[in-house]
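entry12.txt follows (compact mmCIF, C-alpha atoms and all ligand atoms):
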# COMPACT_ATOMS: atom_id res chain seq x y z
CA MET O 19 -13.98 245.86 -87.34
CA ARG O 20 -14.98 244.52 -90.77
CA GLY O 21 -18.76 244.55 -90.74
CA GLY O 22 -20.37 246.51 -93.56
CA ILE O 23 -17.17 246.97 -95.55
CA GLU O 24 -17.72 247.31 -99.27
CA ARG O 25 -14.47 247.45 -101.20
CA SER O 26 -14.21 249.21 -104.54
CA GLN O 27 -12.57 247.68 -107.62
CA HIS O 28 -9.19 248.92 -106.22
CA GLY O 29 -9.28 246.62 -103.19
CA GLU O 30 -8.35 249.32 -100.67
CA THR O 31 -7.63 248.15 -97.08
CA ASN O 32 -9.36 251.06 -95.41
CA GLU O 33 -12.95 252.07 -96.16
CA ALA O 34 -13.05 254.43 -99.13
CA LEU O 35 -14.27 258.00 -98.72
CA TYR O 36 -16.88 258.64 -101.43
CA LEU O 37 -16.87 262.42 -101.36
CA THR O 38 -19.63 262.96 -103.88
CA SER O 39 -22.97 264.72 -103.68
CA GLY O 40 -24.63 262.74 -106.46
CA PHE O 41 -24.47 259.63 -108.65
CA VAL O 42 -24.88 259.09 -112.38
CA TYR O 43 -27.14 256.59 -114.15
CA GLU O 44 -26.10 254.36 -117.03
CA SER O 45 -29.37 255.09 -118.79
CA ALA O 46 -32.58 257.05 -118.45
CA ALA O 47 -34.37 253.79 -117.66
CA GLN O 48 -31.97 253.16 -114.77
CA GLY O 49 -32.71 256.61 -113.34
CA ASN O 50 -36.39 255.76 -113.53
CA ALA O 51 -35.94 252.34 -111.87
CA ARG O 52 -33.78 253.67 -109.03
CA THR O 53 -36.14 256.53 -108.29
CA ALA O 54 -39.03 254.05 -108.14
CA ASP O 55 -37.01 251.86 -105.70
CA GLU O 56 -37.21 249.05 -108.28
CA GLU O 57 -33.44 248.82 -108.60
CA ALA O 58 -30.95 249.05 -105.74
CA GLY O 59 -28.31 251.76 -106.10
CA TYR O 60 -27.42 255.26 -105.09
CA VAL O 61 -29.42 258.23 -106.33
CA TYR O 62 -28.35 261.36 -104.45
CA GLY O 63 -26.29 262.16 -101.36
CA ARG O 64 -29.31 263.10 -99.27
CA PHE O 65 -30.71 259.59 -99.85
CA GLY O 66 -27.51 257.66 -99.24
CA ASN O 67 -23.77 257.39 -99.84
CA PRO O 68 -21.51 254.28 -99.83
CA THR O 69 -19.22 255.57 -97.02
CA VAL O 70 -22.24 256.49 -94.90
CA THR O 71 -23.82 253.08 -95.63
CA MET O 72 -20.67 251.30 -94.43
CA PHE O 73 -20.84 253.23 -91.15
CA GLU O 74 -24.57 252.55 -90.77
CA ASP O 75 -24.21 248.83 -91.47
CA ARG O 76 -21.31 248.43 -89.03
CA LEU O 77 -23.10 250.31 -86.21
CA ALA O 78 -26.29 248.27 -86.82
CA LEU O 79 -24.23 245.09 -86.39
CA ILE O 80 -22.71 246.37 -83.13
CA GLU O 81 -26.14 247.38 -81.80
CA GLY O 82 -28.03 244.32 -83.04
CA ALA O 83 -30.50 246.48 -84.99
CA ASP O 84 -32.27 245.81 -88.32
CA ALA O 85 -31.37 249.22 -89.64
CA CYS O 86 -29.35 252.37 -88.94
CA GLN O 87 -29.71 255.92 -90.24
CA ALA O 88 -26.74 258.26 -89.72
CA THR O 89 -27.56 261.91 -89.04
CA ALA O 90 -25.69 265.22 -89.11
CA THR O 91 -25.59 265.58 -85.31
CA GLY O 92 -26.93 263.87 -82.22
CA MET O 93 -29.70 266.47 -81.97
CA ALA O 94 -30.72 265.74 -85.57
CA ALA O 95 -31.09 262.09 -84.47
CA VAL O 96 -33.19 263.12 -81.45
CA PHE O 97 -35.44 265.41 -83.49
CA ALA O 98 -35.86 263.09 -86.49
CA SER O 99 -36.52 260.02 -84.33
CA LEU O 100 -39.40 261.89 -82.68
CA MET O 101 -40.82 264.13 -85.42
CA SER O 102 -40.80 261.38 -88.04
CA GLN O 103 -43.38 259.40 -86.06
CA LEU O 104 -45.41 262.05 -84.18
CA ARG O 105 -48.56 263.89 -85.29
CA ALA O 106 -50.60 266.67 -83.69
CA GLY O 107 -52.73 265.12 -80.95
CA ASP O 108 -50.12 262.54 -79.99
CA HIS O 109 -48.77 262.32 -76.47
CA VAL O 110 -45.13 261.81 -75.40
CA VAL O 111 -43.80 260.79 -72.00
CA ALA O 112 -40.14 261.37 -71.21
CA SER O 113 -37.84 260.91 -68.23
CA ARG O 114 -37.04 264.32 -66.81
CA VAL O 115 -33.26 264.11 -66.44
CA MET O 116 -31.70 264.42 -69.86
CA PHE O 117 -29.26 266.33 -72.05
CA GLY O 118 -30.21 270.04 -72.04
CA ALA O 119 -31.11 270.34 -75.75
CA CYS O 120 -33.28 267.18 -75.61
CA TYR O 121 -35.14 268.75 -72.71
CA VAL O 122 -35.85 271.86 -74.80
CA VAL O 123 -37.07 269.76 -77.77
CA ILE O 124 -39.49 267.77 -75.63
CA ASP O 125 -40.58 270.43 -73.18
CA GLN O 126 -40.80 273.40 -75.55
CA LEU O 127 -40.63 272.48 -79.27
CA LEU O 128 -42.99 269.48 -79.51
CA PRO O 129 -45.89 271.30 -77.76
CA ARG O 130 -45.72 273.99 -80.52
CA TYR O 131 -46.88 271.34 -82.99
CA GLY O 132 -49.83 270.13 -80.93
CA ILE O 133 -47.93 267.27 -79.30
CA GLU O 134 -48.55 266.99 -75.58
CA THR O 135 -45.55 266.05 -73.46
CA ASP O 136 -45.22 264.89 -69.87
CA LEU O 137 -41.95 264.66 -67.97
CA VAL O 138 -41.70 262.09 -65.20
CA ASP O 139 -39.17 260.88 -62.68
CA GLY O 140 -37.71 258.13 -64.85
CA THR O 141 -36.69 256.02 -61.86
CA ASP O 142 -40.33 255.76 -60.63
CA LEU O 143 -42.24 253.03 -62.52
CA GLY O 144 -45.51 254.19 -60.95
CA ALA O 145 -44.96 257.66 -62.45
CA TRP O 146 -44.53 256.14 -65.94
CA GLU O 147 -47.65 254.04 -65.47
CA ARG O 148 -49.75 257.04 -64.39
CA ALA O 149 -48.49 259.20 -67.27
CA LEU O 150 -49.20 256.68 -70.06
CA ARG O 151 -52.47 257.09 -72.01
CA PRO O 152 -54.08 255.45 -75.04
CA GLU O 153 -52.84 258.35 -77.21
CA THR O 154 -49.25 258.03 -75.92
CA ARG O 155 -47.35 257.39 -79.09
CA CYS O 156 -43.80 257.61 -77.89
CA ILE O 157 -41.62 257.30 -74.80
CA PHE O 158 -38.27 259.06 -74.68
CA LEU O 159 -35.65 258.26 -72.10
CA GLU O 160 -31.96 258.73 -71.45
CA SER O 161 -30.26 256.29 -69.08
CA PRO O 162 -28.11 257.08 -67.23
CA GLY O 163 -29.57 260.59 -67.43
CA ASN O 164 -27.31 263.56 -68.03
CA PRO O 165 -25.99 265.03 -65.75
CA THR O 166 -27.14 263.54 -62.42
CA MET O 167 -26.99 259.92 -63.68
CA PRO O 168 -30.33 258.41 -62.61
CA VAL O 169 -30.83 254.94 -64.14
CA VAL O 170 -34.15 254.05 -65.80
CA ASP O 171 -35.34 250.43 -65.94
CA ILE O 172 -35.43 250.09 -69.74
CA ALA O 173 -37.05 246.63 -69.76
CA ALA O 174 -39.82 247.56 -67.30
CA VAL O 175 -40.59 250.92 -68.94
CA SER O 176 -40.62 249.27 -72.39
CA ALA O 177 -43.15 246.69 -71.19
CA LEU O 178 -45.40 249.45 -69.79
CA ALA O 179 -45.11 251.52 -72.98
CA HIS O 180 -45.88 248.56 -75.23
CA GLY O 181 -49.01 247.98 -73.15
CA VAL O 182 -50.46 251.21 -74.59
CA GLY O 183 -48.90 250.72 -78.03
CA ALA O 184 -46.18 253.37 -77.58
CA ARG O 185 -42.70 253.16 -79.10
CA VAL O 186 -39.68 253.46 -76.81
CA VAL O 187 -36.81 255.70 -77.90
CA VAL O 188 -33.61 255.50 -75.84
CA ASP O 189 -30.82 258.09 -76.00
CA ASN O 190 -27.93 255.75 -75.25
CA VAL O 191 -25.03 258.22 -75.19
CA LEU O 192 -24.29 257.89 -71.47
CA GLY O 193 -25.27 254.22 -71.44
CA MET O 194 -22.62 253.85 -74.13
CA PRO O 195 -22.61 251.56 -77.17
CA ILE O 196 -21.47 247.99 -76.31
CA VAL O 197 -21.93 248.67 -72.54
CA GLN O 198 -25.72 249.04 -72.70
CA ARG O 199 -27.92 247.42 -75.38
CA PRO O 200 -31.40 248.96 -75.18
CA LEU O 201 -32.87 246.94 -78.08
CA ALA O 202 -32.05 243.69 -76.29
CA LEU O 203 -33.81 245.10 -73.21
CA GLY O 204 -37.02 245.76 -75.16
CA ALA O 205 -36.63 249.32 -76.49
CA ASP O 206 -37.68 250.01 -80.11
CA VAL O 207 -35.32 252.78 -81.18
CA VAL O 208 -31.81 253.71 -80.03
CA ILE O 209 -30.21 257.03 -80.78
CA TYR O 210 -26.66 258.28 -80.44
CA SER O 211 -24.75 261.45 -80.65
CA THR O 212 -21.80 259.84 -82.47
CA THR O 213 -19.93 263.04 -81.63
CA LYS O 214 -19.36 261.39 -78.26
CA HIS O 215 -17.78 257.93 -77.77
CA ILE O 216 -18.20 256.73 -81.38
CA ASP O 217 -15.92 259.41 -82.84
CA GLY O 218 -14.48 259.77 -79.37
CA GLN O 219 -11.55 261.85 -80.55
CA GLY O 220 -13.09 265.29 -80.80
CA ARG O 221 -13.15 265.56 -84.59
CA CYS O 222 -16.67 265.46 -86.04
CA LEU O 223 -20.31 265.95 -85.14
CA GLY O 224 -22.69 263.13 -85.97
CA GLY O 225 -25.66 261.09 -84.86
CA ALA O 226 -27.38 257.78 -85.50
CA ILE O 227 -30.84 256.25 -85.21
CA LEU O 228 -31.23 252.47 -84.96
CA GLY O 229 -34.45 250.48 -85.10
CA ASP O 230 -36.63 248.01 -86.97
CA GLU O 231 -37.61 247.84 -90.64
CA THR O 232 -41.20 249.00 -90.07
CA PHE O 233 -40.18 252.20 -88.27
CA PHE O 234 -37.59 252.90 -90.95
CA ALA O 235 -39.88 252.23 -93.93
CA ASP O 236 -43.04 253.91 -92.63
CA ASP O 237 -41.65 256.86 -90.70
CA LEU O 238 -37.95 257.55 -90.55
CA VAL O 239 -36.58 257.12 -94.06
CA PRO O 240 -39.23 259.27 -95.83
CA PHE O 241 -38.75 261.97 -93.15
CA MET O 242 -34.95 261.96 -93.48
CA ARG O 243 -35.01 262.01 -97.29
CA THR O 244 -37.28 265.02 -97.47
CA THR O 245 -35.99 267.05 -94.50
CA GLY O 246 -32.31 266.25 -95.09
CA PRO O 247 -30.35 266.17 -91.78
CA VAL O 248 -27.98 263.44 -93.06
CA MET O 249 -24.38 262.70 -92.10
CA SER O 250 -21.66 263.91 -94.46
CA PRO O 251 -19.52 261.17 -96.10
CA PHE O 252 -16.39 262.67 -94.55
CA ASN O 253 -17.84 262.48 -91.06
CA ALA O 254 -19.02 258.91 -91.69
CA TRP O 255 -15.49 257.98 -92.75
CA VAL O 256 -14.10 259.42 -89.49
CA MET O 257 -16.82 257.62 -87.48
CA LEU O 258 -15.91 254.33 -89.18
CA LYS O 259 -12.38 254.70 -87.84
CA GLY O 260 -13.89 255.44 -84.43
CA LEU O 261 -15.85 252.17 -84.51
CA GLU O 262 -12.61 250.23 -85.04
CA THR O 263 -11.31 251.23 -81.59
CA LEU O 264 -14.66 251.71 -79.83
CA GLU O 265 -14.52 248.56 -77.74
CA LEU O 266 -10.93 249.20 -76.58
CA ARG O 267 -11.60 252.83 -75.74
CA THR O 268 -14.85 251.96 -73.98
CA ALA O 269 -13.22 249.36 -71.75
CA ARG O 270 -10.35 251.66 -70.81
CA MET O 271 -12.56 254.68 -70.12
CA CYS O 272 -14.93 252.65 -67.94
CA GLU O 273 -12.08 251.08 -65.98
CA THR O 274 -10.52 254.47 -65.22
CA ALA O 275 -13.93 256.02 -64.44
CA GLU O 276 -14.78 253.21 -62.01
CA ARG O 277 -11.55 253.84 -60.08
CA LEU O 278 -11.86 257.63 -60.12
CA ALA O 279 -15.47 257.44 -58.91
CA ALA O 280 -14.31 255.43 -55.89
CA PHE O 281 -11.50 257.94 -55.28
CA LEU O 282 -13.91 260.91 -55.45
CA GLU O 283 -16.38 259.19 -53.13
CA GLY O 284 -13.68 258.92 -50.46
CA HIS O 285 -12.58 262.56 -50.78
CA PRO O 286 -13.66 264.94 -47.97
CA ALA O 287 -14.28 267.90 -50.35
CA VAL O 288 -16.84 265.88 -52.33
CA ALA O 289 -20.35 265.88 -50.86
CA ALA O 290 -21.79 263.22 -53.20
CA VAL O 291 -20.81 261.16 -56.26
CA HIS O 292 -23.38 260.04 -58.84
CA TYR O 293 -22.00 257.10 -60.79
CA PRO O 294 -23.99 253.94 -61.67
CA GLY O 295 -20.94 251.74 -61.09
CA LEU O 296 -20.75 252.67 -57.39
CA ALA O 297 -22.62 250.57 -54.83
CA SER O 298 -23.88 253.87 -53.33
CA HIS O 299 -25.83 254.74 -56.52
CA PRO O 300 -29.57 254.44 -55.74
CA GLN O 301 -30.15 252.20 -58.81
CA HIS O 302 -26.83 250.37 -58.64
CA ALA O 303 -28.41 246.89 -58.81
CA LEU O 304 -30.48 247.86 -61.85
CA ALA O 305 -27.43 249.46 -63.49
CA ALA O 306 -25.46 246.25 -62.91
CA ARG O 307 -28.23 244.32 -64.69
CA GLN O 308 -28.60 246.52 -67.75
CA MET O 309 -25.07 247.92 -68.17
CA SER O 310 -21.94 245.77 -68.39
CA ARG O 311 -19.81 248.63 -66.93
CA GLY O 312 -20.40 251.87 -65.02
CA GLY O 313 -19.88 254.16 -68.02
CA SER O 314 -17.35 256.93 -68.57
CA VAL O 315 -19.17 259.90 -67.01
CA ILE O 316 -19.09 260.75 -63.30
CA ALA O 317 -21.09 263.54 -61.66
CA PHE O 318 -20.10 264.84 -58.24
CA GLU O 319 -21.09 267.64 -55.94
CA LEU O 320 -18.86 270.13 -54.23
CA ALA O 321 -20.30 271.08 -50.87
CA ARG O 322 -19.59 274.80 -51.25
CA GLY O 323 -21.59 275.30 -54.42
CA TRP O 324 -21.05 277.47 -57.49
CA ASP O 325 -17.86 279.25 -56.37
CA ALA O 326 -16.19 276.01 -55.30
CA ALA O 327 -17.11 274.41 -58.65
CA PHE O 328 -15.57 277.35 -60.54
CA ARG O 329 -12.42 277.27 -58.37
CA PHE O 330 -12.16 273.52 -59.00
CA LEU O 331 -12.50 273.86 -62.80
CA ASP O 332 -10.09 276.79 -62.98
CA ALA O 333 -7.48 274.86 -60.97
CA LEU O 334 -7.48 271.82 -63.30
CA GLU O 335 -4.18 271.47 -65.13
CA LEU O 336 -4.65 268.31 -67.20
CA ILE O 337 -8.42 267.91 -67.52
CA ASP O 338 -9.97 270.49 -69.84
CA ILE O 339 -13.09 272.56 -69.16
CA SER O 340 -15.50 271.64 -71.96
CA ASN O 341 -19.17 270.83 -72.56
CA ASN O 342 -18.31 267.75 -74.59
CA LEU O 343 -18.08 264.18 -73.30
CA GLY O 344 -16.93 260.77 -74.49
CA ASP O 345 -13.65 262.20 -75.75
CA ALA O 346 -10.18 260.67 -75.49
CA LYS O 347 -9.27 263.76 -73.46
CA SER O 348 -10.88 263.97 -70.03
CA LEU O 349 -13.27 266.91 -69.84
CA ALA O 350 -15.05 268.59 -66.95
CA THR O 351 -18.09 270.81 -67.07
CA HIS O 352 -20.32 272.77 -64.71
CA PRO O 353 -23.85 271.90 -65.93
CA ALA O 354 -25.62 274.75 -64.10
CA SER O 355 -23.66 277.43 -65.99
CA THR O 356 -23.30 275.64 -69.36
CA THR O 357 -25.19 272.56 -70.63
CA HIS O 358 -28.24 273.19 -68.42
CA GLN O 359 -28.02 276.99 -68.24
CA LYS O 360 -30.81 277.62 -70.76
CA ILE O 361 -33.46 275.52 -69.00
CA GLY O 362 -33.43 277.97 -66.07
CA ALA O 363 -32.98 277.73 -62.30
CA ASP O 364 -36.46 276.26 -61.58
CA ALA O 365 -36.02 273.38 -64.03
CA ARG O 366 -32.49 272.78 -62.70
CA ALA O 367 -33.86 272.53 -59.16
CA THR O 368 -36.47 269.98 -60.31
CA LEU O 369 -33.76 267.97 -62.05
CA GLY O 370 -31.49 268.05 -58.99
CA ILE O 371 -28.74 269.99 -60.78
CA GLY O 372 -27.15 271.87 -57.92
CA ASP O 373 -24.77 274.82 -58.19
CA GLY O 374 -21.89 272.65 -56.96
CA LEU O 375 -22.45 269.84 -59.46
CA VAL O 376 -19.51 268.98 -61.73
CA ARG O 377 -19.67 266.46 -64.58
CA LEU O 378 -16.47 264.64 -65.44
CA SER O 379 -16.08 262.76 -68.71
CA VAL O 380 -13.21 260.34 -68.23
CA GLY O 381 -10.87 259.96 -71.20
CA LEU O 382 -7.86 257.83 -72.02
CA GLU O 383 -5.10 259.51 -70.00
CA ALA O 384 -3.27 257.53 -67.31
CA GLU O 385 -5.43 257.08 -64.24
CA GLU O 386 -2.73 258.28 -61.84
CA ASP O 387 -2.33 261.54 -63.79
CA LEU O 388 -6.07 262.15 -63.68
CA ARG O 389 -6.26 261.36 -59.98
CA ALA O 390 -3.39 263.75 -59.22
CA ASP O 391 -5.12 266.53 -61.18
CA LEU O 392 -8.43 265.95 -59.39
CA GLU O 393 -6.66 265.91 -56.04
CA GLN O 394 -4.87 269.23 -56.51
CA ALA O 395 -7.97 270.92 -57.99
CA LEU O 396 -10.14 269.73 -55.09
CA ALA O 397 -7.59 271.16 -52.69
CA ALA O 398 -7.71 274.48 -54.57
CA ALA O 399 -11.51 274.46 -54.45
CA GLY O 400 -11.20 274.65 -50.69
CA GLY O 401 -13.07 271.56 -49.47
C1 LIG O 501 -24.31 265.36 -76.96
C2 LIG O 501 -25.62 264.73 -76.69
C3 LIG O 501 -26.69 264.91 -77.56
C4 LIG O 501 -26.62 265.82 -78.76
O1 LIG O 501 -25.64 265.45 -79.65
P1 LIG O 501 -24.90 266.48 -80.68
O2 LIG O 501 -24.05 265.60 -81.48
O3 LIG O 501 -24.16 267.46 -79.83
O4 LIG O 501 -25.99 267.15 -81.44
C5 LIG O 501 -27.88 264.28 -77.24
N1 LIG O 501 -27.99 263.50 -76.16
C6 LIG O 501 -26.97 263.29 -75.31
C7 LIG O 501 -27.16 262.41 -74.12
C8 LIG O 501 -25.74 263.89 -75.55
O5 LIG O 501 -24.72 263.70 -74.70
In structure tokens, how does this file's structure come out?
Amino acid sequence: MRGGIERSQHGETNEALYLTSGFVYESAAQGNARTADEEAGYVYGRFGNPTVTMFEDRLALIEGADACQATATGMAAVFASLMSQLRAGDHVVASRVMFGACYVVIDQLLPRYGIETDLVDGTDLGAWERALRPETRCIFLESPGNPTMPVVDIAAVSALAHGVGARVVVDNVLGMPIVQRPLALGADVVIYSTTKHIDGQGRCLGGAILGDETFFADDLVPFMRTTGPVMSPFNAWVMLKGLETLELRTARMCETAERLAAFLEGHPAVAAVHYPGLASHPQHALAARQMSRGGSVIAFELARGWDAAFRFLDALELIDISNNLGDAKSLATHPASTTHQKIGADARATLGIGDGLVRLSVGLEAEEDLRADLEQALAAAGG
């Protein structure tokens, strides 16, 4: 709530919004000293801004990280966390089930720059072990993975990766801040799309990268300063307000999601529910060890495929159809036709994204209202 706050001479209660692109020096010598990193202080908005720093410091405290770098979007965090440390000739191993755009970065963009990438079944430790090589520089994983929710053993995979000297980057959006703490489990870098639960109210795009001082000093900070995908002060100010209610919103969303997952599992029109908080989840025991709750996202399959999924979405009256997740408003999406459309049918089949799969991001509405909406839409989908 208060971590990182730096009040101005006016003593404002709320964090101030420093909407400025640059900063002035008291003297030419000061400009010289700040540019040489000999004197602390702001230089230019691409290098840092007091509102953005307050957000970064507060999120670093929540995550238990040495340092935090805010970025313009979640994808900017994904790309910068990888490209800042990779060179041609390096090798990357990633768990296969992940956010669609991350999949494109790892499967298609990195290889263009001479970086070899291998995708493995993240739930299979033997597959990680076989894929790791001396030149493996980086491991990328999302757990639970979007959208089918497989859970990766972060501690075990981190130990394997460290055995070959590779850094472990975890996309913790679905794991959720507070609920899952990858750094405590052994990961080296955590990234967020702060667009999701951290704003959590559908206002701004943003991202964050958290890690240790060495990674920041040697790789990330020089990369960010010269390539420029930084968070705007306005967005950082909105995100700071999001952090104030993050724990409350997280607890409420998880509680409602846990109940709705159980409801969906018992519904005859639903062929399968993928939710780490359910005892039926294949990695439920692992999820219970590394997550304090089941998360706010539920995936479930409608037996009659694509048409049933469309009928279900179109029948929803309260829950909106949207690609986004982690919002105060509950949102449902059909991954095959939206978030994972671009990767193609073959890749979807490999990832287990069926035509009847629906992803539900549970928001802050009353649980009974959400359950009633799901019930009537499932009836309309025609079991
Ligand atoms: C949304 C999301 C991203 C990308 O974040 P943007 O803010 O949309 O750029 C990356 N990873 C996961 C798991 C996400 O849900």
Inset, instruction - Using only C-alpha atoms, collect all residues at a distance of at most 12 Å from (-2.6, 271.0, -57.6) as written in the file, then present them as a PyMOL selection string. - result: chain O and resi 329-337+387-400
Dump of C-alpha atoms for the selected residues, as an mmCIF file, keeping the file's coordinate frame:
data_model
loop_
_atom_site.group_PDB
_atom_site.id
_atom_site.type_symbol
_atom_site.label_atom_id
_atom_site.label_comp_id
_atom_site.auth_asym_id
_atom_site.auth_seq_id
_atom_site.Cartn_x
_atom_site.Cartn_y
_atom_site.Cartn_z
ATOM 1 C CA ARG O 329 -12.420 277.270 -58.370
ATOM 2 C CA PHE O 330 -12.160 273.520 -59.000
ATOM 3 C CA LEU O 331 -12.500 273.860 -62.800
ATOM 4 C CA ASP O 332 -10.090 276.790 -62.980
ATOM 5 C CA ALA O 333 -7.480 274.860 -60.970
ATOM 6 C CA LEU O 334 -7.480 271.820 -63.300
ATOM 7 C CA GLU O 335 -4.180 271.470 -65.130
ATOM 8 C CA LEU O 336 -4.650 268.310 -67.200
ATOM 9 C CA ILE O 337 -8.420 267.910 -67.520
ATOM 10 C CA ASP O 387 -2.330 261.540 -63.790
ATOM 11 C CA LEU O 388 -6.070 262.150 -63.680
ATOM 12 C CA ARG O 389 -6.260 261.360 -59.980
ATOM 13 C CA ALA O 390 -3.390 263.750 -59.220
ATOM 14 C CA ASP O 391 -5.120 266.530 -61.180
ATOM 15 C CA LEU O 392 -8.430 265.950 -59.390
ATOM 16 C CA GLU O 393 -6.660 265.910 -56.040
ATOM 17 C CA GLN O 394 -4.870 269.230 -56.510
ATOM 18 C CA ALA O 395 -7.970 270.920 -57.990
ATOM 19 C CA LEU O 396 -10.140 269.730 -55.090
ATOM 20 C CA ALA O 397 -7.590 271.160 -52.690
ATOM 21 C CA ALA O 398 -7.710 274.480 -54.570
ATOM 22 C CA ALA O 399 -11.510 274.460 -54.450
ATOM 23 C CA GLY O 400 -11.200 274.650 -50.690
#
Inset, instruction - Give the residues close to ligand LIG 501 (chain O), within 7 Å, counting only C-alpha atoms and all ligand atoms; write them as a ChimeraX atom specification. - result: /O:91-94,96,116-117,120,160,164,189-192,210-214,223-225,342-343
Legend entry - Counting only C-alpha atoms, the residue of O:Phe41, O:Asn341, O:Leu201, O:Thr166 that sits nearest His299 of chain O: O:Thr166
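Those residues positioned at most 9 Å from (-29.8, 256.4, -75.0) are Phe158, Leu159, Glu160, Ser161, Pro162, Gly163, Val187, Val188, Asp189, Asn190, Val191, Leu192, Gly193, Met194, Pro195, Gln198, Pro200, Val208, Ile209 and Tyr210 of chain O, judged using only C-alpha atoms.
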Inset, instruction - Using all atoms listed in the file, find the one residue out of O:Ile172, O:Ala363, O:Leu382, O:Ala202 that sits nearest to Leu304 of chain O. - result: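 Selected residue with least distance to Leu304 of chain O: O:Ile172.
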Inset, instruction - Could you check which of O:Ala317, O:Val70, O:Ile216, O:Ile371 is closest to Leu349 of chain O, using only C-alpha atoms? - result: O:Ala317
Legend entry - Nearest to Leu79 of chain O by atom-to-atom distance, counting all atoms listed in the file, from O:Arg64, O:Arg155, O:Arg199, O:Arg307: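 Of the candidates, the smallest distance to Leu79 of chain O is held by O:Arg199.
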Legend entry - Of the listed residues O:Thr268, O:Asp84, O:Gly21, O:Gly63, that which approaches Pro247 of chain O most closely, counting only C-alpha atoms: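 Closest residue, counting only C-alpha atoms: O:Gly63.
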Inset, instruction - For each of O:Lys259, O:Val248, O:Ala119, O:Gly181, take the minimum atom-to-atom distance to Leu35 of chain O, counting all atoms listed in the file, then give the residue where this is smallest. - result: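 Closest to Leu35 of chain O, using all atoms listed in the file: O:Lys259.
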Inset, instruction - For segment 44-46 of chain O, please output as a list in words all residues within 12 Å (counting all atoms listed in the file; exclusion window: fewer than 5 positions along the same chain). - result: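 Listed by chain and then number, they are Ala51, Arg52, Thr53, Gly59 and Val61 of chain O.
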Legend entry - Gap from atom CA of Gly144 of chain O to atom CA of Pro129 of chain O - Å, one decimal: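 For atom CA of Gly144 of chain O relative to atom CA of Pro129 of chain O, the distance reads 24.0 Å.
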Legend entry - Thr263 of chain O environment, 12 Å, all atoms listed in the file, sequence neighbours closer than 3 positions dropped, as an NGL selection string: :O and (19-20 or 196 or 215-219 or 256-260 or 266-270 or 346)
Inset, instruction - Mind giving me the straight-line distance from atom CA of Phe233 of chain O to atom CA of Tyr121 of chain O in Å, one decimal? - result: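 If I compute the distance from atom CA of Phe233 of chain O to atom CA of Tyr121 of chain O, I get 23.3 Å.
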Inset, instruction - Fewer than 3 positions away in the same chain doesn't count, so skip those; otherwise give me all residues within 12 Å of Tyr36 of chain O, counting only C-alpha atoms, as a count of residues only. - result: 22
Contacts of Pro294 of chain O within 9 Å, all atoms listed in the file, excl. fewer than 6 positions in-chain, as a PDB file with C-alpha atoms, in the frame of the given file:
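Okay, result.pdb is ready:
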ATOM      1  CA  PRO O 162     -28.110 257.080 -67.230  1.00  0.00           C
ATOM      2  CA  MET O 167     -26.990 259.920 -63.680  1.00  0.00           C
ATOM      3  CA  PRO O 168     -30.330 258.410 -62.610  1.00  0.00           C
ATOM      4  CA  VAL O 169     -30.830 254.940 -64.140  1.00  0.00           C
ATOM      5  CA  PRO O 300     -29.570 254.440 -55.740  1.00  0.00           C
ATOM      6  CA  GLN O 301     -30.150 252.200 -58.810  1.00  0.00           C
ATOM      7  CA  HIS O 302     -26.830 250.370 -58.640  1.00  0.00           C
ATOM      8  CA  ALA O 303     -28.410 246.890 -58.810  1.00  0.00           C
ATOM      9  CA  LEU O 304     -30.480 247.860 -61.850  1.00  0.00           C
ATOM     10  CA  ALA O 305     -27.430 249.460 -63.490  1.00  0.00           C
ATOM     11  CA  ALA O 306     -25.460 246.250 -62.910  1.00  0.00           C
ATOM     12  CA  MET O 309     -25.070 247.920 -68.170  1.00  0.00           C
ATOM     13  CA  ARG O 311     -19.810 248.630 -66.930  1.00  0.00           C
ATOM     14  CA  GLY O 312     -20.400 251.870 -65.020  1.00  0.00           C
ATOM     15  CA  GLY O 313     -19.880 254.160 -68.020  1.00  0.00           C
ATOM     16  CA  ILE O 316     -19.090 260.750 -63.300  1.00  0.00           C
TER      17      ILE O 316
END
Got a moment to write segment 55-59 of chain O out with N, CA, C and O atoms, as an mmCIF file, in the first residue's frame?
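What follows is the written file selection.cif:
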data_model
loop_
_atom_site.group_PDB
_atom_site.id
_atom_site.type_symbol
_atom_site.label_atom_id
_atom_site.label_comp_id
_atom_site.auth_asym_id
_atom_site.auth_seq_id
_atom_site.Cartn_x
_atom_site.Cartn_y
_atom_site.Cartn_z
ATOM 1 N N ASP O 55 26.247 8.505 -14.538
ATOM 2 C CA ASP O 55 25.778 7.686 -13.408
ATOM 3 C C ASP O 55 26.589 7.944 -12.136
ATOM 4 O O ASP O 55 26.682 7.092 -11.262
ATOM 5 N N GLU O 56 27.182 9.147 -12.030
ATOM 6 C CA GLU O 56 27.947 9.480 -10.820
ATOM 7 C C GLU O 56 27.060 10.164 -9.792
ATOM 8 O O GLU O 56 27.404 10.269 -8.620
ATOM 9 N N GLU O 57 25.925 10.683 -10.258
ATOM 10 C CA GLU O 57 24.987 11.312 -9.332
ATOM 11 C C GLU O 57 23.600 10.739 -9.609
ATOM 12 O O GLU O 57 23.199 10.614 -10.770
ATOM 13 N N ALA O 58 22.899 10.357 -8.536
ATOM 14 C CA ALA O 58 21.549 9.834 -8.707
ATOM 15 C C ALA O 58 20.629 10.972 -9.155
ATOM 16 O O ALA O 58 20.836 12.127 -8.765
ATOM 17 N N GLY O 59 19.620 10.655 -9.940
ATOM 18 C CA GLY O 59 18.666 11.681 -10.360
ATOM 19 C C GLY O 59 18.156 11.371 -11.751
ATOM 20 O O GLY O 59 18.755 10.575 -12.476
#
